[in-house]
$ cat query_14.pdb   # PDB, C-alpha atoms
MODEL        1
ATOM      1  CA  MET A   1      87.847  92.604 119.990
ATOM      2  CA  ALA A   2      87.182  89.004 118.964
ATOM      3  CA  ASN A   3      89.200  89.749 115.858
ATOM      4  CA  LEU A   4      92.256  90.822 117.827
ATOM      5  CA  SER A   5      91.840  87.814 120.112
ATOM      6  CA  ALA A   6      91.638  85.504 117.102
ATOM      7  CA  ARG A   7      95.080  86.677 116.032
ATOM      8  CA  LYS A   8      96.288  86.206 119.599
ATOM      9  CA  ALA A   9      95.130  82.581 119.659
ATOM     10  CA  ASP A  10      97.175  81.802 116.562
ATOM     11  CA  TYR A  11     100.055  84.157 117.304
ATOM     12  CA  SER A  12     102.633  81.393 117.558
ATOM     13  CA  ARG A  13     101.766  80.256 114.041
ATOM     14  CA  PHE A  14     102.459  83.789 112.756
ATOM     15  CA  GLN A  15     105.702  83.811 114.733
ATOM     16  CA  ALA A  16     106.715  80.523 113.133
ATOM     17  CA  LEU A  17     106.366  82.251 109.758
ATOM     18  CA  ASN A  18     108.463  85.200 111.027
ATOM     19  CA  ILE A  19     105.474  87.560 110.749
ATOM     20  CA  GLN A  20     105.118  90.512 113.122
ATOM     21  CA  ILE A  21     101.485  91.528 113.702
ATOM     22  CA  LEU A  22     100.655  95.205 114.255
ATOM     23  CA  GLY A  23      97.129  96.365 115.130
ATOM     24  CA  ILE A  24      96.338  99.947 114.114
ATOM     25  CA  SER A  25      93.350 102.090 115.082
ATOM     26  CA  VAL A  26      92.399 105.708 115.615
ATOM     27  CA  SER A  27      92.189 105.140 119.386
ATOM     28  CA  ASN A  28      94.618 106.867 121.710
ATOM     29  CA  PRO A  29      97.504 104.922 123.267
ATOM     30  CA  PHE A  30      95.900 104.925 126.753
ATOM     31  CA  SER A  31      92.735 103.268 125.497
ATOM     32  CA  GLN A  32      94.771 100.826 123.449
ATOM     33  CA  LYS A  33      96.872  99.915 126.471
ATOM     34  CA  VAL A  34      93.745  99.069 128.485
ATOM     35  CA  LEU A  35      92.426  96.946 125.636
ATOM     36  CA  SER A  36      95.767  95.271 125.046
ATOM     37  CA  ASP A  37      96.199  94.462 128.736
ATOM     38  CA  SER A  38      92.642  93.185 129.122
ATOM     39  CA  LEU A  39      93.036  90.840 126.145
ATOM     40  CA  GLN A  40      96.686  90.104 126.974
ATOM     41  CA  LEU A  41      97.601  90.666 123.356
ATOM     42  CA  PRO A  42     101.068  89.368 122.456
ATOM     43  CA  TYR A  43     101.485  91.954 119.684
ATOM     44  CA  PRO A  44     101.439  95.772 119.826
ATOM     45  CA  LEU A  45      98.602  98.152 118.990
ATOM     46  CA  LEU A  46      99.519 101.418 117.296
ATOM     47  CA  SER A  47      97.662 104.703 117.607
ATOM     48  CA  ASP A  48      96.832 106.351 114.284
ATOM     49  CA  ALA A  49      95.157 109.313 115.981
ATOM     50  CA  TYR A  50      94.874 111.477 112.874
ATOM     51  CA  LEU A  51      94.090 108.578 110.526
ATOM     52  CA  LYS A  52      97.075 109.496 108.402
ATOM     53  CA  VAL A  53      98.164 105.881 108.027
ATOM     54  CA  ALA A  54      94.618 104.645 107.295
ATOM     55  CA  GLN A  55      94.417 107.386 104.688
ATOM     56  CA  ALA A  56      97.783 106.479 103.163
ATOM     57  CA  TYR A  57      96.646 102.863 102.814
ATOM     58  CA  GLY A  58      93.201 103.862 101.496
ATOM     59  CA  VAL A  59      91.204 102.192 104.258
ATOM     60  CA  ILE A  60      89.253 105.059 105.790
ATOM     61  CA  TYR A  61      85.929 103.737 107.141
ATOM     62  CA  GLY A  62      83.202 104.113 104.547
ATOM     63  CA  SER A  63      85.619 104.342 101.620
ATOM     64  CA  THR A  64      86.504 100.703 101.012
ATOM     65  CA  GLY A  65      83.170  99.486  99.711
ATOM     66  CA  THR A  66      82.558  97.129 102.623
ATOM     67  CA  LYS A  67      79.281  97.201 104.557
ATOM     68  CA  ILE A  68      78.832 100.031 107.036
ATOM     69  CA  ASP A  69      77.641  98.829 110.434
ATOM     70  CA  TYR A  70      78.307 102.069 112.281
ATOM     71  CA  PRO A  71      76.606 104.906 110.359
ATOM     72  CA  GLY A  72      78.061 108.248 111.288
ATOM     73  CA  LEU A  73      81.570 106.912 111.769
ATOM     74  CA  GLU A  74      82.463 107.315 108.105
ATOM     75  CA  GLU A  75      85.840 109.061 107.773
ATOM     76  CA  LEU A  76      86.294 108.929 111.570
ATOM     77  CA  SER A  77      88.019 105.586 111.829
ATOM     78  CA  ALA A  78      89.603 102.831 109.758
ATOM     79  CA  ALA A  79      87.762 100.008 108.058
ATOM     80  CA  ARG A  80      88.811  96.505 109.019
ATOM     81  CA  ALA A  81      91.615  95.713 106.622
ATOM     82  CA  PHE A  82      94.730  93.566 106.523
ATOM     83  CA  PHE A  83      97.997  94.093 104.693
ATOM     84  CA  LEU A  84     100.838  91.588 104.580
ATOM     85  CA  MET A  85     104.222  93.106 103.790
ATOM     86  CA  ASP A  86     107.380  91.188 102.922
ATOM     87  CA  LYS A  87     110.857  91.964 104.249
ATOM     88  CA  GLU A  88     111.366  94.547 101.505
ATOM     89  CA  GLY A  89     108.197  96.385 102.501
ATOM     90  CA  ILE A  90     106.229  95.286  99.446
ATOM     91  CA  VAL A  91     102.522  94.545  99.941
ATOM     92  CA  ARG A  92     102.057  90.841  99.219
ATOM     93  CA  GLY A  93      98.528  90.378 100.509
ATOM     94  CA  LYS A  94      95.511  92.581 101.168
ATOM     95  CA  TRP A  95      92.142  91.665 102.649
ATOM     96  CA  LEU A  96      89.107  93.781 103.567
ATOM     97  CA  GLY A  97      86.962  92.542 106.449
ATOM     98  CA  GLU A  98      83.455  93.259 107.733
ATOM     99  CA  ASP A  99      82.829  95.093 110.993
ATOM    100  CA  MET A 100      80.483  92.648 112.636
ATOM    101  CA  ALA A 101      82.334  89.477 111.728
ATOM    102  CA  VAL A 102      85.516  87.821 112.863
ATOM    103  CA  PHE A 103      87.924  87.669 109.959
ATOM    104  CA  SER A 104      89.277  84.153 109.604
ATOM    105  CA  THR A 105      92.832  83.804 110.842
ATOM    106  CA  GLU A 106      93.049  80.620 108.772
ATOM    107  CA  VAL A 107      92.594  82.658 105.587
ATOM    108  CA  LEU A 108      95.471  84.929 106.607
ATOM    109  CA  LEU A 109      97.727  82.081 107.695
ATOM    110  CA  LYS A 110      97.088  79.986 104.610
ATOM    111  CA  ALA A 111      97.899  82.927 102.331
ATOM    112  CA  ALA A 112     100.910  83.857 104.468
ATOM    113  CA  GLN A 113     102.298  80.328 104.280
ATOM    114  CA  GLU A 114     102.190  80.479 100.493
ATOM    115  CA  ILE A 115     103.579  84.015 100.301
ATOM    116  CA  VAL A 116     106.412  83.808 102.831
ATOM    117  CA  GLY A 117     108.401  81.205 100.929
ATOM    118  CA  LYS A 118     107.829  82.806  97.547
ATOM    119  CA  PRO A 119     109.728  85.918  96.360
ATOM    120  CA  ALA A 120     107.753  88.793  94.819
ATOM    121  CA  GLU A 121     107.365  88.344  91.063
ATOM    122  CA  ASN A 122     109.318  91.463  90.213
ATOM    123  CA  ALA A 123     111.800  91.182  93.071
ATOM    124  CA  GLY A 124     115.404  90.200  92.558
ATOM    125  CA  GLU A 125     117.105  88.460  89.717
ATOM    126  CA  LYS A 126     116.279  85.010  88.536
ATOM    127  CA  LYS A 127     118.900  82.505  89.521
ATOM    128  CA  THR A 128     120.409  80.621  86.679
ATOM    129  CA  SER A 129     120.923  76.942  87.087
ATOM    130  CA  GLY A 130     124.244  75.256  86.624
ATOM    131  CA  MET A 131     127.510  77.100  86.372
TER     132      MET A 131
ATOM    133  CA  MET B   1      91.908 135.062  69.591
ATOM    134  CA  LEU B   2      94.841 134.549  71.920
ATOM    135  CA  ALA B   3      92.653 135.260  74.948
ATOM    136  CA  GLU B   4      90.183 132.630  73.783
ATOM    137  CA  ARG B   5      93.006 130.070  73.430
ATOM    138  CA  THR B   6      94.370 130.896  76.873
ATOM    139  CA  LYS B   7      90.889 130.475  78.330
ATOM    140  CA  ARG B   8      90.511 127.073  76.664
ATOM    141  CA  LEU B   9      93.911 125.946  77.938
ATOM    142  CA  PHE B  10      93.001 127.097  81.423
ATOM    143  CA  LEU B  11      89.723 125.170  81.329
ATOM    144  CA  LEU B  12      91.562 122.076  80.091
ATOM    145  CA  GLY B  13      94.022 122.442  82.950
ATOM    146  CA  VAL B  14      91.221 122.716  85.488
ATOM    147  CA  LEU B  15      89.517 119.635  84.055
ATOM    148  CA  LEU B  16      92.774 117.666  84.077
ATOM    149  CA  ALA B  17      93.591 118.686  87.649
ATOM    150  CA  GLY B  18      90.088 117.663  88.723
ATOM    151  CA  THR B  19      90.399 114.251  87.106
ATOM    152  CA  LEU B  20      93.822 113.602  88.605
ATOM    153  CA  GLY B  21      92.601 114.761  92.006
ATOM    154  CA  VAL B  22      89.704 112.304  91.962
ATOM    155  CA  THR B  23      92.051 109.514  90.872
ATOM    156  CA  SER B  24      94.492 110.102  93.700
ATOM    157  CA  VAL B  25      91.703 110.087  96.295
ATOM    158  CA  ALA B  26      90.384 106.768  95.008
ATOM    159  CA  THR B  27      93.806 105.118  94.945
ATOM    160  CA  ALA B  28      94.374 102.553  97.671
ATOM    161  CA  VAL B  29      97.493 100.555  98.422
ATOM    162  CA  GLY B  30      97.337  97.204  96.657
ATOM    163  CA  VAL B  31      99.318  93.995  96.244
ATOM    164  CA  GLY B  32     102.705  94.669  94.637
ATOM    165  CA  ASP B  33     102.858  98.267  95.894
ATOM    166  CA  LYS B  34     105.553  99.577  98.203
ATOM    167  CA  ALA B  35     103.846  99.886 101.590
ATOM    168  CA  PRO B  36     103.759 103.494 102.865
ATOM    169  CA  ASP B  37     106.070 103.784 105.850
ATOM    170  CA  PHE B  38     104.768 105.147 109.146
ATOM    171  CA  THR B  39     105.856 105.820 112.699
ATOM    172  CA  LEU B  40     103.190 105.639 115.406
ATOM    173  CA  PRO B  41     103.047 105.483 119.216
ATOM    174  CA  SER B  42     102.339 101.960 120.432
ATOM    175  CA  THR B  43     101.328  99.929 123.451
ATOM    176  CA  THR B  44     104.985  98.988 123.927
ATOM    177  CA  GLY B  45     105.555 102.552 125.139
ATOM    178  CA  LYS B  46     107.791 103.243 122.148
ATOM    179  CA  ASP B  47     107.082 104.448 118.624
ATOM    180  CA  ILE B  48     106.967 101.715 116.012
ATOM    181  CA  SER B  49     107.862 102.198 112.348
ATOM    182  CA  LEU B  50     107.116  99.830 109.524
ATOM    183  CA  SER B  51     110.650 100.363 108.211
ATOM    184  CA  GLN B  52     112.214  98.925 111.366
ATOM    185  CA  PHE B  53     111.139  95.451 110.229
ATOM    186  CA  GLN B  54     112.652  95.867 106.784
ATOM    187  CA  GLY B  55     115.112  93.101 105.953
ATOM    188  CA  LYS B  56     114.104  91.237 109.115
ATOM    189  CA  GLN B  57     110.478  90.189 109.242
ATOM    190  CA  PHE B  58     107.214  90.065 107.368
ATOM    191  CA  VAL B  59     104.571  92.375 108.843
ATOM    192  CA  LEU B  60     100.825  91.826 109.056
ATOM    193  CA  ILE B  61      98.914  95.036 109.715
ATOM    194  CA  GLU B  62      95.369  94.772 111.021
ATOM    195  CA  PHE B  63      93.422  98.010 110.795
ATOM    196  CA  TYR B  64      90.448  98.003 113.162
ATOM    197  CA  GLY B  65      87.764 100.592 113.888
ATOM    198  CA  ALA B  66      88.294 101.452 117.513
ATOM    199  CA  ASP B  67      88.898  99.782 120.845
ATOM    200  CA  PHE B  68      85.983  97.999 122.474
ATOM    201  CA  TYR B  69      83.977  97.508 119.288
ATOM    202  CA  PRO B  70      81.748  94.451 119.616
ATOM    203  CA  VAL B  71      83.988  92.304 117.400
TER     204      VAL B  71
ENDMDL
END

$ encode --input "query_14.pdb" --output "structure tokens"
Amino acid sequence: MANLSARKADYSRFQALNIQILGISVSNPFSQKVLSDSLQLPYPLLSDAYLKVAQAYGVIYGSTGTKIDYPGLEELSAARAFFLMDKEGIVRGKWLGEDMAVFSTEVLLKAAQEIVGKPAENAGEKKTSGM
Amino acid sequence: MLAERTKRLFLLGVLLAGTLGVTSVATAVGVGDKAPDFTLPSTTGKDISLSQFQGKQFVLIEFYGADFYPV
């Protein structure tokens, strides 16, 4: 929860970079609504009830190589992980977090600041200078 | 002779399928990859798709374990 709140505290800085935050977990929408309301989160939480999205991104709990703090929950939830996508839907940043630690928002923001202004290496044509 | 060859080919096929299967399971989305699109119910009361932000905004996804975890 402190992780989600950390992103809330710096939400305006993400907004300034034109970044939409989406939180995703296996929890059902009713539980997420209670959590979201209680923390007054300014960004939406999405319910990945069947873990299809976590699976598609390869972040099923217990499969990412990060420390397991909740034995028995392997394959039943998502590991803490972050993906930053550009406007073309290309992954430009990926970070894996630990369960029992707050992932630094500064790390995400610093990387985002560098990434947002820079086109993907293989994206688009190089502009030629002059005429 | 032919049966033996067919058997060998079959075994090779099984081995190849097994290897490819393991590879696909271990593959995770990485930097530079096209992000898999999704549509999920959200706390806004409406479904949200990754593709709806295409051409408009960057998106930061935070996967977390479950609601009301300690951190």

$ interface_residues --input "query_14.pdb" --of "chain A" --to "chain B" --cutoff "8 Å" --atoms "only C-alpha atoms" --output "compact mmCIF listing (two decimals) with C-alpha atoms, in the frame of the given file"
# COMPACT_ATOMS: atom_id res chain seq x y z
CA MET A 1 87.85 92.60 119.99
CA ALA A 2 87.18 89.00 118.96
CA ASN A 3 89.20 89.75 115.86
CA ASN A 18 108.46 85.20 111.03
CA ILE A 19 105.47 87.56 110.75
CA GLN A 20 105.12 90.51 113.12
CA ILE A 21 101.48 91.53 113.70
CA LEU A 22 100.66 95.20 114.26
CA GLY A 23 97.13 96.36 115.13
CA ILE A 24 96.34 99.95 114.11
CA SER A 25 93.35 102.09 115.08
CA VAL A 26 92.40 105.71 115.62
CA SER A 27 92.19 105.14 119.39
CA PRO A 29 97.50 104.92 123.27
CA SER A 31 92.74 103.27 125.50
CA GLN A 32 94.77 100.83 123.45
CA LYS A 33 96.87 99.92 126.47
CA LEU A 35 92.43 96.95 125.64
CA SER A 36 95.77 95.27 125.05
CA PRO A 44 101.44 95.77 119.83
CA LEU A 45 98.60 98.15 118.99
CA LEU A 46 99.52 101.42 117.30
CA SER A 47 97.66 104.70 117.61
CA ASP A 48 96.83 106.35 114.28
CA VAL A 53 98.16 105.88 108.03
CA ALA A 54 94.62 104.64 107.30
CA ALA A 56 97.78 106.48 103.16
CA TYR A 57 96.65 102.86 102.81
CA GLY A 58 93.20 103.86 101.50
CA VAL A 59 91.20 102.19 104.26
CA TYR A 61 85.93 103.74 107.14
CA SER A 77 88.02 105.59 111.83
CA ALA A 78 89.60 102.83 109.76
CA ALA A 79 87.76 100.01 108.06
CA ARG A 80 88.81 96.50 109.02
CA ALA A 81 91.62 95.71 106.62
CA PHE A 82 94.73 93.57 106.52
CA PHE A 83 98.00 94.09 104.69
CA LEU A 84 100.84 91.59 104.58
CA MET A 85 104.22 93.11 103.79
CA ASP A 86 107.38 91.19 102.92
CA LYS A 87 110.86 91.96 104.25
CA GLU A 88 111.37 94.55 101.50
CA GLY A 89 108.20 96.38 102.50
CA ILE A 90 106.23 95.29 99.45
CA VAL A 91 102.52 94.54 99.94
CA ARG A 92 102.06 90.84 99.22
CA GLY A 93 98.53 90.38 100.51
CA LYS A 94 95.51 92.58 101.17
CA ASP A 99 82.83 95.09 110.99
CA MET A 100 80.48 92.65 112.64
CA ALA A 101 82.33 89.48 111.73
CA VAL A 102 85.52 87.82 112.86
CA VAL A 116 106.41 83.81 102.83
CA ALA A 120 107.75 88.79 94.82

$ atom_distance --input "query_14.pdb" --atom1 "atom CA of A:Asn28" --atom2 "atom CA of A:Ser12"
27.0 Å

$ atom_distance --input "query_14.pdb" --atom1 "atom CA of A:Thr105" --atom2 "atom CA of A:Asp10"
7.5 Å

$ atom_distance --input "query_14.pdb" --atom1 "atom CA of A:Ala6" --atom2 "atom CA of A:Val34"
17.8 Å

$ closest_residue --input "query_14.pdb" --among "A:Glu106, A:Tyr50, A:Leu76, A:Ala112" --to "A:Gly62" --atoms "all atoms listed in the file"
A:Leu76

$ closest_residue --input "query_14.pdb" --among "A:Pro42, A:Ile60, A:Gly72, A:Ser5" --to "A:Leu96" --atoms "all atoms listed in the file"
A:Ile60
